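To be precise, the following lines are input36.cif, and they hold mmCIF, C-alpha atoms and all ligand atoms.
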```cif
data_input
loop_
_atom_site.label_atom_id
_atom_site.label_comp_id
_atom_site.auth_asym_id
_atom_site.auth_seq_id
_atom_site.Cartn_x
_atom_site.Cartn_y
_atom_site.Cartn_z
CA MET K 128 118.85 69.85 103.50
CA GLU K 129 119.01 72.29 106.42
CA VAL K 130 118.40 75.69 104.92
CA SER K 131 116.59 77.83 107.47
CA THR K 132 117.30 81.54 107.05
CA SER K 133 118.83 83.64 109.80
CA ILE K 134 115.46 85.39 110.36
CA GLU K 135 113.75 82.03 110.87
CA ARG K 136 116.57 80.95 113.16
CA THR K 137 116.25 84.13 115.24
CA GLN K 138 112.50 83.59 115.52
CA PHE K 139 113.14 79.97 116.51
CA ALA K 140 115.63 81.08 119.20
CA GLU K 141 113.19 83.68 120.54
CA ASP K 142 110.34 81.18 120.68
CA VAL K 143 112.51 78.60 122.45
CA LEU K 144 113.61 81.24 124.98
CA ARG K 145 110.02 82.33 125.60
CA GLY K 146 108.87 78.71 125.92
CA LEU K 147 111.57 77.54 128.32
CA THR K 148 111.16 80.59 130.58
CA SER K 149 107.36 80.12 130.77
CA THR K 150 105.55 78.26 133.52
CA PRO K 151 104.94 75.49 132.63
CA LYS K 152 107.82 75.16 130.17
CA GLN K 153 106.69 74.67 126.59
CA LEU K 154 107.98 74.31 123.03
CA SER K 155 105.98 75.18 119.94
CA SER K 156 104.80 72.32 117.75
CA ARG K 157 105.31 74.52 114.66
CA TYR K 158 109.02 73.63 114.89
CA PHE K 159 108.49 69.86 114.70
CA TYR K 160 108.93 69.77 110.93
CA ASP K 161 112.62 69.85 110.02
CA ASP K 162 113.79 67.12 107.57
CA GLU K 163 113.64 64.38 110.17
CA GLY K 164 110.40 65.72 111.70
CA SER K 165 108.69 65.74 108.29
CA ARG K 166 109.93 62.17 107.68
CA LEU K 167 108.68 61.02 111.09
CA PHE K 168 105.29 62.67 110.53
CA ILE K 169 104.89 60.71 107.28
CA GLU K 170 105.63 57.57 109.32
CA ILE K 171 103.02 58.62 111.94
CA MET K 172 100.41 59.07 109.20
CA GLY K 173 100.94 55.43 108.20
CA LEU K 174 100.53 54.03 111.73
CA PRO K 175 97.40 51.95 112.38
CA GLU K 176 96.68 54.05 115.50
CA TYR K 177 96.75 57.36 113.58
CA TYR K 178 93.18 57.18 112.25
CA LEU K 179 93.09 60.88 111.24
CA THR K 180 94.91 60.55 107.90
CA ARG K 181 92.97 57.44 106.90
CA ALA K 182 89.62 59.08 107.72
CA GLU K 183 90.39 62.24 105.71
CA MET K 184 91.84 60.20 102.84
CA LYS K 185 88.64 58.15 102.72
CA ILE K 186 86.52 61.28 102.55
CA PHE K 187 88.65 62.57 99.66
CA THR K 188 88.69 59.32 97.69
CA GLU K 189 85.01 58.48 98.16
CA GLN K 190 83.54 61.98 97.83
CA THR K 191 85.93 63.55 95.32
CA GLU K 192 83.28 64.65 92.83
CA ALA K 193 81.06 66.16 95.56
CA ILE K 194 84.04 68.09 96.92
CA TYR K 195 84.92 69.24 93.40
CA ALA K 196 81.34 70.43 92.80
CA ALA K 197 81.26 72.31 96.12
CA PHE K 198 84.62 73.99 95.43
CA VAL K 199 83.73 75.04 91.89
CA ASN K 200 80.04 75.87 92.41
CA GLY K 201 79.56 77.55 89.03
CA SER K 202 82.95 79.31 88.84
CA ASP K 203 85.06 78.62 85.78
CA SER K 204 88.40 78.99 87.58
CA LEU K 205 89.82 79.08 91.07
CA ASP K 206 92.86 79.59 93.27
CA LEU K 207 93.40 76.64 95.57
CA ILE K 208 95.49 77.70 98.55
CA GLU K 209 96.59 75.19 101.15
CA LEU K 210 97.87 76.28 104.57
CA GLY K 211 100.32 73.85 106.24
CA ALA K 212 100.30 71.50 103.25
CA GLY K 213 102.88 69.00 104.59
CA ASP K 214 103.50 66.19 102.10
CA GLY K 215 100.20 66.85 100.26
CA THR K 216 99.36 63.15 99.80
CA LYS K 217 95.64 63.65 100.43
CA THR K 218 95.47 66.86 98.43
CA ALA K 219 96.94 64.96 95.46
CA VAL K 220 93.66 63.02 95.25
CA LEU K 221 91.74 66.26 94.76
CA ILE K 222 94.31 67.75 92.37
CA GLU K 223 94.21 64.65 90.17
CA HIS K 224 90.43 64.87 89.92
CA PHE K 225 90.41 68.65 89.29
CA LEU K 226 92.91 68.17 86.45
CA LYS K 227 90.81 65.36 84.98
CA ARG K 228 87.80 67.67 85.05
CA ARG K 229 89.94 70.25 83.19
CA LEU K 230 89.36 72.92 85.81
CA ASP K 231 91.34 76.12 85.32
CA PHE K 232 93.11 76.45 88.69
CA THR K 233 96.39 77.17 90.43
CA TYR K 234 97.55 75.34 93.55
CA SER K 235 99.49 77.29 96.21
CA PRO K 236 100.78 75.09 99.03
CA THR K 237 102.15 77.02 102.00
CA ASP K 238 104.24 75.54 104.76
CA ILE K 239 106.60 76.87 107.39
CA SER K 240 108.94 73.98 106.63
CA GLN K 241 111.17 74.61 103.61
CA GLU K 242 111.97 70.88 103.53
CA ALA K 243 108.29 69.86 103.39
CA ASN K 244 107.55 72.47 100.71
CA ASP K 245 110.52 71.48 98.52
CA ALA K 246 109.58 67.80 98.70
CA LEU K 247 105.92 68.47 97.87
CA GLN K 248 106.86 70.69 94.94
CA ALA K 249 109.26 68.12 93.46
CA ARG K 250 106.69 65.33 93.77
CA PHE K 251 103.76 67.33 92.38
CA ARG K 252 105.78 68.67 89.42
CA ASP K 253 106.69 65.10 88.59
CA LYS K 254 103.21 63.62 89.13
CA PHE K 255 101.20 66.50 87.63
CA PRO K 256 103.26 68.16 84.85
CA ASP K 257 100.24 70.26 83.80
CA LEU K 258 99.58 71.64 87.28
CA ARG K 259 100.16 75.36 87.86
CA ILE K 260 101.81 75.30 91.28
CA LYS K 261 102.98 78.34 93.28
CA PRO K 262 104.50 77.12 96.56
CA HIS K 263 105.18 79.50 99.42
CA THR K 264 107.36 78.97 102.48
CA GLY K 265 106.31 80.86 105.57
CA ASP K 266 103.95 81.18 108.48
CA TYR K 267 100.20 80.87 107.79
CA PHE K 268 99.43 84.19 109.41
CA LYS K 269 101.94 86.02 107.19
CA VAL K 270 100.66 84.33 104.05
CA LEU K 271 97.16 85.56 104.77
CA GLU K 272 98.25 89.18 104.39
CA SER K 273 99.50 88.48 100.88
CA LEU K 274 96.02 87.23 99.90
CA ARG K 275 94.32 90.49 100.80
CA ASN K 276 95.02 92.14 97.45
CA GLY K 277 95.33 88.96 95.45
CA SER K 278 93.35 87.97 92.36
CA ASP K 279 89.60 88.38 91.97
CA ARG K 280 89.24 84.69 91.13
CA ARG K 281 87.36 82.50 93.57
CA LYS K 282 89.75 81.35 96.31
CA VAL K 283 89.36 78.11 98.22
CA LEU K 284 91.61 77.98 101.29
CA MET K 285 92.27 74.51 102.62
CA PHE K 286 93.42 73.77 106.15
CA LEU K 287 93.60 69.99 106.36
CA GLY K 288 94.95 67.19 108.54
CA SER K 289 93.35 68.58 111.72
CA ASN K 290 96.05 71.29 111.74
CA ILE K 291 93.49 73.48 113.51
CA GLY K 292 93.65 71.04 116.43
CA ASN K 293 97.13 72.38 117.25
CA PHE K 294 95.62 75.76 118.14
CA SER K 295 94.02 76.63 121.45
CA GLN K 296 90.35 77.54 121.01
CA GLU K 297 91.15 81.27 121.33
CA LYS K 298 93.90 81.02 118.75
CA ALA K 299 91.61 79.07 116.40
CA LEU K 300 89.03 81.84 116.61
CA GLU K 301 91.68 84.51 115.98
CA PHE K 302 93.00 82.49 113.03
CA PHE K 303 89.59 82.08 111.38
CA ARG K 304 88.82 85.77 111.92
CA SER K 305 92.09 86.69 110.17
CA ILE K 306 91.18 84.38 107.30
CA ARG K 307 87.70 85.91 107.13
CA SER K 308 89.23 89.39 106.82
CA VAL K 309 91.04 88.47 103.57
CA LEU K 310 88.20 86.56 101.88
CA ASN K 311 85.59 87.86 99.44
CA ALA K 312 81.96 86.71 99.51
CA ASN K 313 82.53 84.11 96.79
CA ASP K 314 85.61 82.55 98.46
CA ARG K 315 85.45 79.44 100.63
CA LEU K 316 87.36 77.89 103.53
CA PHE K 317 87.70 74.09 103.77
CA ILE K 318 88.82 72.72 107.14
CA GLY K 319 89.58 69.23 108.45
CA PHE K 320 88.32 68.70 112.03
CA ASP K 321 89.00 65.65 114.14
CA MET K 322 85.84 64.79 116.07
CA GLN K 323 85.33 63.79 119.68
CA LYS K 324 85.28 59.99 120.04
CA ASP K 325 86.27 57.18 122.41
CA PRO K 326 89.13 58.70 124.48
CA ARG K 327 91.06 55.43 124.22
CA VAL K 328 91.10 55.67 120.43
CA ILE K 329 92.33 59.27 120.63
CA VAL K 330 95.10 58.72 123.16
CA ARG K 331 96.49 55.76 121.18
CA ALA K 332 96.89 58.04 118.15
CA TYR K 333 99.33 60.18 120.16
CA ASP K 334 101.13 57.38 122.00
CA ASP K 335 101.80 54.57 119.54
CA PRO K 336 103.48 51.38 120.80
CA LEU K 337 106.35 51.64 118.27
CA GLY K 338 107.35 55.00 119.76
CA VAL K 339 107.24 56.93 116.47
CA THR K 340 105.27 59.78 118.08
CA ALA K 341 107.77 59.80 120.95
CA ALA K 342 110.64 60.08 118.44
CA PHE K 343 108.76 62.88 116.64
CA ASN K 344 108.50 64.91 119.87
CA LEU K 345 112.09 64.18 120.96
CA ASN K 346 113.32 65.25 117.52
CA LEU K 347 112.52 68.85 118.43
CA LEU K 348 115.16 68.66 121.20
CA ARG K 349 117.61 67.31 118.62
CA ARG K 350 116.76 70.24 116.33
CA ILE K 351 117.42 72.71 119.18
CA ASN K 352 120.77 70.97 119.83
CA ARG K 353 121.76 71.29 116.18
CA GLU K 354 120.39 74.71 115.25
CA LEU K 355 120.84 76.52 118.57
CA ASP K 356 123.94 74.69 119.80
CA ALA K 357 122.32 73.11 122.85
CA ASP K 358 123.09 69.99 124.89
CA PHE K 359 119.75 68.27 125.50
CA ASP K 360 120.41 64.60 126.35
CA LEU K 361 117.43 62.87 124.70
CA THR K 362 117.80 59.78 126.90
CA LYS K 363 116.88 61.92 129.91
CA PHE K 364 113.40 62.72 128.56
CA SER K 365 110.35 60.61 127.89
CA HIS K 366 107.26 61.33 125.86
CA TYR K 367 103.87 61.32 127.62
CA ALA K 368 100.45 61.83 126.01
CA GLN K 369 97.03 62.18 127.64
CA TYR K 370 93.47 62.97 126.60
CA ARG K 371 91.24 65.22 128.70
CA PRO K 372 87.63 64.43 127.79
CA LEU K 373 86.19 67.52 129.52
CA GLU K 374 88.29 69.77 127.29
CA CYS K 375 88.07 67.45 124.24
CA ALA K 376 91.85 67.80 123.91
CA ALA K 377 94.89 65.52 123.72
CA ARG K 378 98.14 66.96 125.05
CA SER K 379 101.69 65.73 124.72
CA PHE K 380 104.65 66.41 126.95
CA LEU K 381 108.33 65.61 127.27
CA ILE K 382 109.06 64.64 130.87
CA SER K 383 112.48 65.28 132.41
CA ARG K 384 113.41 61.93 133.96
CA GLU K 385 115.92 63.55 136.31
CA LYS K 386 116.94 66.91 137.76
CA GLN K 387 119.14 68.44 135.09
CA SER K 388 120.44 71.61 133.50
CA VAL K 389 120.49 72.23 129.75
CA THR K 390 122.66 74.86 128.06
CA ILE K 391 121.62 76.58 124.84
CA LYS K 392 124.68 78.43 123.55
CA ALA K 393 122.77 80.46 120.94
CA LEU K 394 120.75 81.93 123.83
CA ASP K 395 123.81 82.18 126.04
CA ARG K 396 121.99 80.61 128.98
CA SER K 397 121.07 77.44 130.85
CA PHE K 398 117.70 76.11 131.93
CA ASP K 399 117.08 73.95 135.02
CA LEU K 400 114.58 71.13 134.96
CA GLU K 401 113.33 69.33 138.06
CA GLN K 402 112.95 65.57 138.10
CA TRP K 403 109.57 64.71 136.41
CA GLU K 404 109.08 68.29 135.24
CA ALA K 405 106.98 68.40 132.05
CA ILE K 406 107.62 70.44 128.90
CA PHE K 407 104.28 70.98 127.16
CA MET K 408 104.73 70.16 123.47
CA GLU K 409 101.40 70.05 121.67
CA ILE K 410 97.64 70.31 121.99
CA SER K 411 95.41 68.29 119.65
CA GLN K 412 91.91 69.69 120.08
CA LYS K 413 88.97 67.47 119.16
CA TYR K 414 85.61 68.91 118.17
CA THR K 415 81.90 68.37 118.59
CA HIS K 416 79.54 69.56 115.91
CA ALA K 417 78.30 72.33 118.23
CA MET K 418 81.90 73.56 118.71
CA ILE K 419 82.41 73.74 114.94
CA GLU K 420 79.16 75.67 114.43
CA GLU K 421 80.08 78.13 117.17
CA LEU K 422 83.59 78.63 115.78
CA ALA K 423 82.18 79.28 112.29
CA SER K 424 79.55 81.79 113.40
CA GLU K 425 81.88 83.62 115.81
CA SER K 426 84.47 84.10 113.11
CA GLY K 427 82.05 85.34 110.44
CA PHE K 428 81.30 82.16 108.50
CA ALA K 429 78.36 79.81 107.89
CA ILE K 430 78.80 76.09 107.26
CA GLU K 431 77.92 75.41 103.63
CA THR K 432 78.56 71.67 103.27
CA GLU K 433 80.15 68.95 105.37
CA PHE K 434 81.86 65.74 104.36
CA TYR K 435 82.05 62.96 106.95
CA ASP K 436 83.71 59.56 107.01
CA GLU K 437 81.42 56.64 107.76
CA GLU K 438 82.56 56.32 111.40
CA ASN K 439 81.99 60.05 112.03
CA PHE K 440 85.58 60.23 113.21
CA TYR K 441 86.39 63.23 111.06
CA ILE K 442 84.72 66.11 109.19
CA ASP K 443 85.89 68.26 106.30
CA SER K 444 83.76 71.35 106.61
CA LEU K 445 83.28 73.93 103.85
CA TRP K 446 82.57 77.45 105.13
CA ARG K 447 81.30 80.53 103.33
CA PRO K 448 81.81 84.08 104.55
CA ILE K 449 78.71 85.83 105.93
C1 LIG Q 1 100.08 68.01 111.07
S1 LIG Q 1 100.98 68.42 109.61
C2 LIG Q 1 99.66 68.26 108.45
C3 LIG Q 1 100.07 68.29 107.02
C4 LIG Q 1 98.96 68.20 106.00
N1 LIG Q 1 98.05 69.35 106.08
C5 LIG Q 1 98.18 66.92 106.11
O1 LIG Q 1 96.97 66.98 106.29
O2 LIG Q 1 98.77 65.84 106.01
C6 LIG Q 1 101.16 70.16 109.85
C7 LIG Q 1 101.92 70.92 108.75
O3 LIG Q 1 101.75 72.32 109.02
C8 LIG Q 1 103.01 72.99 108.96
N2 LIG Q 1 102.96 74.11 109.91
C9 LIG Q 1 102.93 74.04 111.27
N3 LIG Q 1 102.86 75.28 111.80
C10 LIG Q 1 102.84 76.17 110.74
C11 LIG Q 1 102.74 77.59 110.63
N4 LIG Q 1 102.66 78.35 111.72
N5 LIG Q 1 102.72 78.14 109.39
C12 LIG Q 1 102.80 77.36 108.28
N6 LIG Q 1 102.89 75.99 108.32
C13 LIG Q 1 102.89 75.41 109.54
C14 LIG Q 1 104.03 71.94 109.32
O4 LIG Q 1 105.32 72.23 108.81
C15 LIG Q 1 103.41 70.66 108.74
O5 LIG Q 1 103.86 70.40 107.43
#
```
Could you render the structure as structure tokens?
Amino acid sequence: MEVSTSIERTQFAEDVLRGLTSTPKQLSSRYFYDDEGSRLFIEIMGLPEYYLTRAEMKIFTEQTEAIYAAFVNGSDSLDLIELGAGDGTKTAVLIEHFLKRRLDFTYSPTDISQEANDALQARFRDKFPDLRIKPHTGDYFKVLESLRNGSDRRKVLMFLGSNIGNFSQEKALEFFRSIRSVLNANDRLFIGFDMQKDPRVIVRAYDDPLGVTAAFNLNLLRRINRELDADFDLTKFSHYAQYRPLECAARSFLISREKQSVTIKALDRSFDLEQWEAIFMEISQKYTHAMIEELASESGFAIETEFYDEENFYIDSLWRPI
């Protein structure tokens, strides 16, 4: 089901052009999630090395009532808005509990990927026939604007799965400030942060031995071939991931195994790559508690409650506007 609109495709083409003419070359991880990318990400979430999903799932299954109480906090209804919802498997645990508790709420999943959003909607309508669901396809930043004059009900915005890790620290601050500007005093923001830990554990999560993460990264080249009429030869690239402990960040790259030229017909131009030249694909920022506190206070929030897993691998942090 490949149904991107011409506006999305133009934006995609512009971003690819900007990325491949930058130094170093880069491609944006927001375009990973076409049909195949969404399928591969579900496979990644099931890998033993990808501890992030398991840790957040454990927090949700073991602390469901505490999360419910913190979200509701005396309100009789709420709007639950999820940014970058993906397949929503973890969120389903919360939704099931909220429905059991007969909370009056609507759930609005937002995702840039039409495919991911359609699949989530179909599954949730089937699993939760009583759920009021209002899905939205689009970029997080654009969705925020639509919330500015939304309902007066308490809003809880969720940003799970360490999505924030894909932002540079500057971009994360800008993002939280934009969120802050559309929230009222009684609204809350709930964010999943992946914590700093043994670098070996982190790097394995982005470089699994079965090569699923490699396939996930390479799939973006396949998407460019298909949607922008390009001729990337995937066998001439290899995936490489590293973790830099001083920056608390994992990075992944596609490395050009030989000197080559790639033509993208939709852009009407070619791009030269040197042998071993790297295309920067994704950052996965890890956090210390001090970094989270600083990010909250610099973007106009205070930490209200935090939910940890038992290994302290991961935190879901609930913020209130100040
Ligand atoms: C790492 S997955 C996480 C999914 C889910 N939150 C979870 O915890 O399993 C990131 C999701 O964010 C979406 N996404 C990435 N960039 C986006 C953007 N700029 N605006 C909206 N959604 C975006 C992707 O399509 C993908 O479904």
Of the residues K:Lys152, K:Arg275, K:Arg166, K:Lys269, which is the one nearest to K:Asn346, using all atoms listed in the file?
K:Arg166
Distance filter 10 Å around ligand LIG 1 (chain Q), atoms: all atoms listed in the file, out as a ChimeraX atom specification:
/K:155-162,164-165,168-169,171-172,179-180,183-184,209-218,236-244,247,263-270,285-294,318-319,411
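For the set K:Ile410, K:Cys375, K:Leu258, K:Leu394, the residue with the smallest atom-to-atom gap to K:Tyr333 is K:Ile410, counting all atoms listed in the file.
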Long-range neighbours of K:Phe187 as a count of residues only, 10 Å cut-off, only C-alpha atoms, 5 positions minimum in chain
15
Separation of atom CA of K:Ala405 from atom CA of K:Ala332 in Å:
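Atom CA of K:Ala405 lies 20.1 Å from atom CA of K:Ala332.
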Excluding K:Glu170 and its own-chain neighbours fewer than 5 positions away, which residues fall within 12 Å of it when counting only C-alpha atoms? Please give them as a ChimeraX atom specification.
/K:163-165,175-177,180,214,335,337-340,342-343
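Closest to K:Lys363 among K:Ala393, K:Ala196, K:Leu400, K:Val330 is K:Leu400, based on only C-alpha atoms.
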To one decimal place in Å, what is the distance between atom CA of K:Glu404 and atom CA of K:Ala299?
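Value for the atom CA of K:Glu404-atom CA of K:Ala299 distance: 27.9 Å.
Ranking K:Phe398, K:Phe364, K:Tyr178, K:Phe428 by their shortest atom-to-atom distance to K:Asn311, with only C-alpha atoms included, puts K:Phe428 first.
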Residue among K:Phe317, K:Glu223, K:Pro151, K:Val309 lying closest to K:Ser278, counting only C-alpha atoms:
K:Val309
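The space between atom CA of K:Arg353 and atom CA of K:Arg250 spans 27.7 Å.
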Just checking: using only C-alpha atoms, which residue out of K:Tyr234, K:Phe303, K:Phe255, K:Phe380 ends up closest to K:Lys282?
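Closest candidate: K:Tyr234.
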